[in-house]
Amino acid sequence: MALGSATPAYELRFDAGRVCLDLLATSHPDERLDGVGALCAWIRGAGLVPGGTALEHADGSWLAGFRELRGHVGVLVRGGGTASYGRALGRVNEVAGGATPAPVAVRGEDGGLTRELAGPPSCAGLLAVVARDAVELLTDPVAWAAVRECEGDNCPLVYLDTSRGRRRRWCSSEVCGNRERVARHRRRAALARA
C-alpha cells in the first residue's frame with residue numbers, strides 16, 4: 001500500500017469543541033493518524049485548510065510532527081509531572097510561534113469570494129495553528145473551566161462542554177453515551193430477572 005493511500009475504517013471525530021482537543025481524539029480508541037492520508041483527511045476535516053487545498057506535499061515528517069504535538073497538548077490538558085509539563089509547555093509555545101498559512105480571498109466562477117491559501121501550507125504552519133489553539137484554550141479561564149473528561153468507561157477523551165447548564169457527560173452521546181445507556185439497560189434487565 002502506498003504511503004498516504006490508506007483510508008481509515010472509522011470516522012474521524014470533530015466534536016470536542018476545539019481543534020487541539022480534536023487532535024487528542026485521534027489517539028483513541030486506536031491510532032487514527034495511521035498514515036499521511038489519514039492525517040490529510042484530519043487536516044481538512046478540522047478546517048485547518050480550505051476545501052480543495054492541495055496537500056500532496058505532506059509526508060511522514062508531517063505525521064511525526066502532528067503526533068508529537070498531540071502528545072504535548074495531551075500532557076498540558078490532562079496534567080503531567082512537573083518536568084514533562086514544563087517540556088510540553090515549552091514545545092507548544094515554540095510551535096505556536098511559527099508562521100501560520102495566510103488566507104486570501106479569491107473571486108470564484110460565480111463571482112462570489114472564496115477563501116484559499118496564499119501558497120501551499122507547510123507542516124510547521126499547520127502545527128502553529130493547532131498549537132495556538134491550545135495556548136488560547138489553556139490561557140482562557142472561561143474556556144478552561146469548560147474542559148471535561150468523558151465519563152464513559154475507559155474513554156480518556158476530553159472536550160469543551162458548551163452545553164446548556166454545563167451538563168454534558170460524554171465526549172459523544174452517540175458513542176460513549178449510547179454505551180452507558182445500553183449498559184444501564186442491561187443492568188436493570190439483569191436485576192429484573194434476578
# chains A, B, ... in the order shown; residues from 1 in each chain; ligands from 1
$ select_by_dssp --residues "segment 65-152 of chain A" --states "alpha helix (DSSP H)" --output "VMD selection string"
chain A and resid 65 to 78 82 to 96 123 to 139 141 to 145
$ write_last_selection --atoms "C-alpha atoms" --output "mmCIF file, in the first residue's frame"
data_model
loop_
_atom_site.group_PDB
_atom_site.id
_atom_site.type_symbol
_atom_site.label_atom_id
_atom_site.label_comp_id
_atom_site.auth_asym_id
_atom_site.auth_seq_id
_atom_site.Cartn_x
_atom_site.Cartn_y
_atom_site.Cartn_z
ATOM 1 C CA GLY A 65 5.043 16.418 13.852
ATOM 2 C CA PHE A 66 1.295 16.141 14.479
ATOM 3 C CA ARG A 67 1.726 13.105 16.719
ATOM 4 C CA GLU A 68 4.424 14.887 18.714
ATOM 5 C CA LEU A 69 2.246 17.984 19.158
ATOM 6 C CA ARG A 70 -0.678 15.764 20.159
ATOM 7 C CA GLY A 71 1.440 14.236 22.918
ATOM 8 C CA HIS A 72 2.465 17.644 24.271
ATOM 9 C CA VAL A 73 -1.081 19.000 24.173
ATOM 10 C CA GLY A 74 -2.239 15.860 25.981
ATOM 11 C CA VAL A 75 0.248 16.448 28.797
ATOM 12 C CA LEU A 76 -0.920 20.062 29.153
ATOM 13 C CA VAL A 77 -4.622 19.272 29.079
ATOM 14 C CA ARG A 78 -4.553 16.158 31.258
ATOM 15 C CA THR A 82 6.364 18.944 36.587
ATOM 16 C CA ALA A 83 9.221 18.074 34.236
ATOM 17 C CA SER A 84 7.005 16.684 31.466
ATOM 18 C CA TYR A 85 4.556 19.586 31.840
ATOM 19 C CA GLY A 86 7.404 22.093 31.512
ATOM 20 C CA ARG A 87 8.798 20.370 28.414
ATOM 21 C CA ALA A 88 5.346 20.151 26.836
ATOM 22 C CA LEU A 89 4.581 23.800 27.561
ATOM 23 C CA GLY A 90 7.895 24.918 26.114
ATOM 24 C CA ARG A 91 7.392 22.891 22.940
ATOM 25 C CA VAL A 92 3.779 24.012 22.412
ATOM 26 C CA ASN A 93 4.843 27.639 22.874
ATOM 27 C CA GLU A 94 7.696 27.145 20.413
ATOM 28 C CA VAL A 95 5.420 25.579 17.783
ATOM 29 C CA ALA A 96 2.759 28.281 18.322
ATOM 30 C CA CYS A 123 3.600 21.409 8.224
ATOM 31 C CA ALA A 124 5.065 23.980 10.629
ATOM 32 C CA GLY A 125 2.351 26.464 9.693
ATOM 33 C CA LEU A 126 -0.472 23.995 10.288
ATOM 34 C CA LEU A 127 1.090 22.849 13.554
ATOM 35 C CA ALA A 128 1.271 26.516 14.607
ATOM 36 C CA VAL A 129 -2.493 26.848 14.100
ATOM 37 C CA VAL A 130 -3.173 23.874 16.380
ATOM 38 C CA ALA A 131 -0.593 24.969 18.972
ATOM 39 C CA ARG A 132 -2.082 28.480 19.095
ATOM 40 C CA ASP A 133 -5.496 26.962 19.667
ATOM 41 C CA ALA A 134 -4.017 25.026 22.607
ATOM 42 C CA VAL A 135 -2.414 28.190 24.014
ATOM 43 C CA GLU A 136 -5.728 30.048 23.710
ATOM 44 C CA LEU A 137 -7.576 27.215 25.468
ATOM 45 C CA LEU A 138 -5.044 26.947 28.293
ATOM 46 C CA THR A 139 -4.956 30.696 28.938
ATOM 47 C CA PRO A 141 -10.170 30.838 32.164
ATOM 48 C CA VAL A 142 -13.731 30.551 30.847
ATOM 49 C CA ALA A 143 -12.837 28.018 28.163
ATOM 50 C CA TRP A 144 -10.514 26.114 30.505
ATOM 51 C CA ALA A 145 -13.305 25.814 33.095
#
$ atom_distance --atom1 "atom CA of Cys155 of chain A" --atom2 "atom CA of Arg167 of chain A"
17.5 Å
$ residues_around --residues "segment 162-164 of chain A" --least-positions-apart "4" --cutoff "12 Å" --atoms "only C-alpha atoms" --output "ChimeraX atom specification"
/A:15-18,142-148,168-171
$ residues_around --residues "Glu116 of chain A" --least-positions-apart "2" --cutoff "9 Å" --atoms "only C-alpha atoms" --output "list of chain:residue names"
A:Val49, A:Pro50, A:Gly51, A:Gly52, A:Thr53, A:Ala102, A:Pro103, A:Val104, A:Ala105, A:Val106, A:Thr114, A:Ala118, A:Gly119
$ atom_distance --atom1 "atom CA of Ala58 of chain A" --atom2 "atom CA of Gly37 of chain A"
8.8 Å
$ atom_distance --atom1 "atom CA of Ser122 of chain A" --atom2 "atom CA of Ser27 of chain A"
22.7 Å
$ select_by_dssp --residues "segment 126-173 of chain A" --states "strand (DSSP E)" --output "list in words"
Val147, Arg148, Glu149, Val158, Tyr159 and Leu160 of chain A
$ write_last_selection --atoms "C-alpha atoms" --output "PDB file, in the first residue's frame"
ATOM      1  CA  VAL A 147     -12.912  21.359  29.658  1.00  0.00           C
ATOM      2  CA  ARG A 148     -14.240  17.979  30.749  1.00  0.00           C
ATOM      3  CA  GLU A 149     -13.076  14.393  30.557  1.00  0.00           C
ATOM      4  CA  VAL A 158     -11.582  15.476  26.673  1.00  0.00           C
ATOM      5  CA  TYR A 159     -13.984  18.021  25.244  1.00  0.00           C
ATOM      6  CA  LEU A 160     -15.220  21.556  25.721  1.00  0.00           C
TER       7      LEU A 160
END
$ closest_residue --among "A:Asp140, A:Leu12, A:Asp59, A:Gly81" --to "Asp30 of chain A" --atoms "only C-alpha atoms"
A:Leu12
$ closest_residue --among "A:Leu21, A:Ala194, A:Ala189, A:Ile43" --to "Leu55 of chain A" --atoms "only C-alpha atoms"
A:Ile43
$ decode --residues "segment 117-130 of chain A" --atoms "all heavy atoms" --output "compact mmCIF listing (two decimals), in the first residue's frame"
# COMPACT_ATOMS: atom_id res chain seq x y z
N LEU A 117 -5.60 29.59 0.34
CA LEU A 117 -4.33 29.94 0.98
C LEU A 117 -3.42 30.57 -0.04
O LEU A 117 -3.45 30.21 -1.23
CB LEU A 117 -3.68 28.70 1.59
CG LEU A 117 -4.48 28.04 2.72
CD1 LEU A 117 -3.73 26.82 3.26
CD2 LEU A 117 -4.77 29.02 3.85
N ALA A 118 -2.60 31.51 0.41
CA ALA A 118 -1.70 32.23 -0.49
C ALA A 118 -0.69 31.30 -1.14
O ALA A 118 -0.20 31.57 -2.23
CB ALA A 118 -0.98 33.35 0.26
N GLY A 119 -0.39 30.21 -0.50
CA GLY A 119 0.54 29.22 -1.04
C GLY A 119 0.30 27.89 -0.37
O GLY A 119 -0.54 27.78 0.52
N PRO A 120 1.02 26.88 -0.79
CA PRO A 120 0.84 25.56 -0.16
C PRO A 120 1.16 25.65 1.33
O PRO A 120 2.16 26.25 1.72
CB PRO A 120 1.84 24.66 -0.88
CG PRO A 120 2.23 25.40 -2.12
CD PRO A 120 2.04 26.85 -1.84
N PRO A 121 0.33 25.06 2.17
CA PRO A 121 0.60 25.13 3.61
C PRO A 121 1.79 24.26 3.98
O PRO A 121 2.00 23.19 3.41
CB PRO A 121 -0.69 24.60 4.23
CG PRO A 121 -1.26 23.70 3.19
CD PRO A 121 -0.88 24.30 1.87
N SER A 122 2.56 24.74 4.93
CA SER A 122 3.68 23.94 5.44
C SER A 122 3.21 23.19 6.69
O SER A 122 2.25 23.59 7.35
CB SER A 122 4.86 24.84 5.80
OG SER A 122 4.53 25.65 6.92
N CYS A 123 3.91 22.15 7.01
CA CYS A 123 3.60 21.41 8.22
C CYS A 123 3.74 22.32 9.44
O CYS A 123 2.87 22.35 10.31
CB CYS A 123 4.52 20.20 8.36
SG CYS A 123 4.22 19.21 9.84
N ALA A 124 4.83 23.08 9.50
CA ALA A 124 5.06 23.98 10.63
C ALA A 124 3.94 25.00 10.77
O ALA A 124 3.52 25.32 11.88
CB ALA A 124 6.41 24.69 10.48
N GLY A 125 3.44 25.49 9.65
CA GLY A 125 2.35 26.46 9.69
C GLY A 125 1.06 25.87 10.23
O GLY A 125 0.35 26.49 11.02
N LEU A 126 0.75 24.65 9.80
CA LEU A 126 -0.47 23.99 10.29
C LEU A 126 -0.34 23.60 11.76
O LEU A 126 -1.29 23.73 12.53
CB LEU A 126 -0.79 22.78 9.43
CG LEU A 126 -1.13 23.10 7.96
CD1 LEU A 126 -1.32 21.82 7.17
CD2 LEU A 126 -2.35 23.99 7.86
N LEU A 127 0.85 23.15 12.15
CA LEU A 127 1.09 22.85 13.55
C LEU A 127 0.95 24.10 14.41
O LEU A 127 0.43 24.05 15.53
CB LEU A 127 2.48 22.23 13.74
CG LEU A 127 2.65 20.80 13.24
CD1 LEU A 127 4.11 20.40 13.28
CD2 LEU A 127 1.80 19.83 14.04
N ALA A 128 1.39 25.25 13.87
CA ALA A 128 1.27 26.52 14.61
C ALA A 128 -0.19 26.85 14.86
O ALA A 128 -0.54 27.36 15.94
CB ALA A 128 1.96 27.64 13.84
N VAL A 129 -1.06 26.57 13.91
CA VAL A 129 -2.49 26.85 14.10
C VAL A 129 -3.03 26.03 15.27
O VAL A 129 -3.74 26.55 16.15
CB VAL A 129 -3.28 26.54 12.80
CG1 VAL A 129 -4.78 26.64 13.06
CG2 VAL A 129 -2.88 27.47 11.68
N VAL A 130 -2.69 24.75 15.31
CA VAL A 130 -3.17 23.87 16.38
C VAL A 130 -2.56 24.27 17.72
O VAL A 130 -3.25 24.32 18.75
CB VAL A 130 -2.88 22.39 16.06
CG1 VAL A 130 -3.35 21.49 17.20
CG2 VAL A 130 -3.53 21.99 14.75
